[in-house]
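Okay, so here's the structure we're looking at.
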Amino acid sequence: MKGTAANSRAQRMLAIATRMGDQAKIQASGRVKEIYPQLVEIWLQTQTAMQDRLSEISA
């Protein structure tokens with residue numbers, strides 16, 4: 001289950017980053033600014049999940 005959740009977060013992060021890159025290419029800075037917080041949020045969730053997993057396997 002944890003692997004599925006992590007994979008889902010990774011896929012979501014990639015999709016958001018791709019969308020942000022597409023908007024940057026067409027110079028839609030307003031959209032990039034709207035998308036950026038979503039990318040930060042998913043990164044923080046992923047970072048926390050990674051830290052939790054490392055704690056589990058280190059114990």
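Identifiers in this document derive from the order of the structure tokens: chains are assigned A, B, ..., residues are numbered from 1 separately in each chain, and ligands are numbered from 1 in order of occurrence.
Residues lying within 9 Å of A:Thr46, counting only C-alpha atoms and ignoring same-chain neighbours fewer than 3 positions away, are Ala6, Arg9, Ala10, Glu41, Ile42, Trp43, Ala49, Met50 and Gln51 of chain A.
Shell of A:Ala15 at 12 Å, with only C-alpha atoms counted and residues fewer than 5 places along the chain excluded, is Ser8, Arg9, Ala10, Met20, Gly21, Asp22, Ile35, Gln38, Leu39 and Ile42 of chain A.
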Next item on the list: Find, counting only C-alpha atoms, the residue in A:Leu44, A:Leu54, A:Ala59, A:Ala17 that gets nearest to A:Val32.
Entry: A:Ala17
Checklist line | One-decimal distance in Å that lies between atom CA of A:Gln45 and atom CA of A:Gln11 | finding: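 Taking atom CA of A:Gln11 as the start and atom CA of A:Gln45 as the end point, the length is 13.0 Å.
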